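Asker: Okay, handing you the structure first.
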Amino acid sequence: MNRLHPRIRLLWVARAVVFALVVGGVAAAATLFAPVSIPSYVPVAVGGVFLVVGVALALLRYRAWGYEVRDDSLYLQRGVLTKVNTVVPFVRVQHVDSTRGPLERLVGLASTVVYTAGSRGADVSIPGLTPEGAEDLQDRLKRLAIASEGDDAV
């Protein structure tokens with residue numbers, strides 16, 4: 001099972017920190033306009049709880065993520081509270097993208113997105129790859145999808 005690059009934890013932890021700051025700010029604003037007196041430590045406590053839970057979930061999310069390129073499919077395993085195992089047969093692959101958003105570029109990472117035939121939202125994304133790793137995975141999945149065109153769907 002392939003793991004994500006450890007730097008993805010930076011993005012996920014940063015997202016948790018920003019969310020905790022926003023929640024703390026909203027809680028602070030709520031204390032200013034509340035009809036009853038709320039102690040000033042409450043917004044700090046609320047933000048702190050969101051920070052601790054968010055960082056813990058980000059670190060657990062990293063440990064739960066894995067993917068594997070099999071002979072006939074791409075297998076993804078992820079999820080902290082709800083475990084999700086996804087199998088993408090290569091005969092269902094429409095196209096594969098390699099993407100790098102601004103935050104990913106900042107930490108030197110990329111993602112590979114696999115678009116599949118079928119229902120809406122049937123695409124899967126593998127975050128936390130090096131740019132070279134994302135392009136290599138994109139090329140490999142493209143070759144495997146082309147090779148499987150003559151096969152029947154699972």
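Labeling convention for the structure tokens: chains A, B, ... as they appear, residues from 1 per chain, ligands from 1 in order of appearance.
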Go through stretch 20-105 of chain A and flag each residue having an atom no more than 10 Å from stretch 137-150 of chain A; for those, report the closest pair of atoms plus their distance in Å to one decimal, using only C-alpha atoms, ordered by chain and rising number, as a tab-separated table.
Answerer:
```
residue	atom	partner	partner_atom	distance
A:Val69	CA	A:Leu141	CA	8.1
A:Arg70	CA	A:Leu144	CA	9.6
A:Asp71	CA	A:Leu144	CA	8.2
A:Asp72	CA	A:Ser148	CA	7.6
A:Ser73	CA	A:Leu144	CA	8.6
A:Leu74	CA	A:Leu141	CA	8.2
A:Pro89	CA	A:Ala145	CA	8.5
A:Phe90	CA	A:Ala145	CA	4.7
A:Val91	CA	A:Ser148	CA	5.5
A:Arg92	CA	A:Ala145	CA	7.9
A:Val93	CA	A:Ala145	CA	6.1
A:Gln94	CA	A:Ala145	CA	8.1
A:His95	CA	A:Lys142	CA	7.2
A:Val96	CA	A:Gln138	CA	5.9
A:Asp97	CA	A:Gln138	CA	6.5
A:Ser98	CA	A:Gln138	CA	6.4
```
Asker: Going by DSSP on the backbone, which bits of chain A are alpha helix (DSSP H)? Write them as number ranges by chain, please.
Answerer: A: 8-33, 41-64, 102-107, 131-147
Asker: Excluding A:Pro127 and any residue of its chain fewer than 6 positions from it, enumerate the residues within 8 Å of it, using only C-alpha atoms, and give them as a PyMOL selection string.
Answerer: chain A and resi 4+8+110-112
Asker: Keeping only C-alpha atoms, write the selected residues as a short mmCIF file (atom, residue, chain, number, x, y, z; two decimals), in the first residue's frame.
Answerer:
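This is the output file out_36.cif:
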```cif
data_model
loop_
_atom_site.label_atom_id
_atom_site.label_comp_id
_atom_site.auth_asym_id
_atom_site.auth_seq_id
_atom_site.Cartn_x
_atom_site.Cartn_y
_atom_site.Cartn_z
CA LEU A 4 0.94 9.91 0.95
CA ILE A 8 0.38 16.66 3.31
CA ALA A 110 0.45 17.68 -6.11
CA SER A 111 -2.66 15.53 -6.54
CA THR A 112 -3.79 13.02 -9.12
#
```
Asker: Go through chain A and collect every residue that DSSP, computed from the backbone, puts in strand (DSSP E); the answer should be as an MDAnalysis selection string.
Answerer: chainID A and resid 66:69 73:78 84:89 93:99 110:116 124:129
Asker: Extract, using only C-alpha atoms, all DNA, RNA and protein residues at most 9 Å from A:Leu11, discarding same-chain residues fewer than 2 positions from it, and format them as a PyMOL selection string.
Answerer: chain A and resi 7-9+13-16+58+103-104+107
Asker: With C-alpha atoms retained, could you export that selection as a CSV table (one decimal), in the first residue's frame?
Answerer:
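Ended up saving to out.csv:
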```csv
chain,number,residue,atom,x,y,z
A,7,ARG,CA,4.1,17.1,3.9
A,8,ILE,CA,0.4,16.7,3.3
A,9,ARG,CA,0.0,16.7,7.1
A,13,VAL,CA,-3.0,20.7,10.1
A,14,ALA,CA,-2.9,24.3,8.7
A,15,ARG,CA,-6.5,23.9,7.5
A,16,ALA,CA,-7.5,22.7,11.1
A,58,ALA,CA,-5.6,15.6,10.4
A,103,LEU,CA,-1.3,25.6,-1.2
A,104,GLU,CA,0.0,22.4,-2.7
A,107,VAL,CA,4.7,22.8,0.2
```
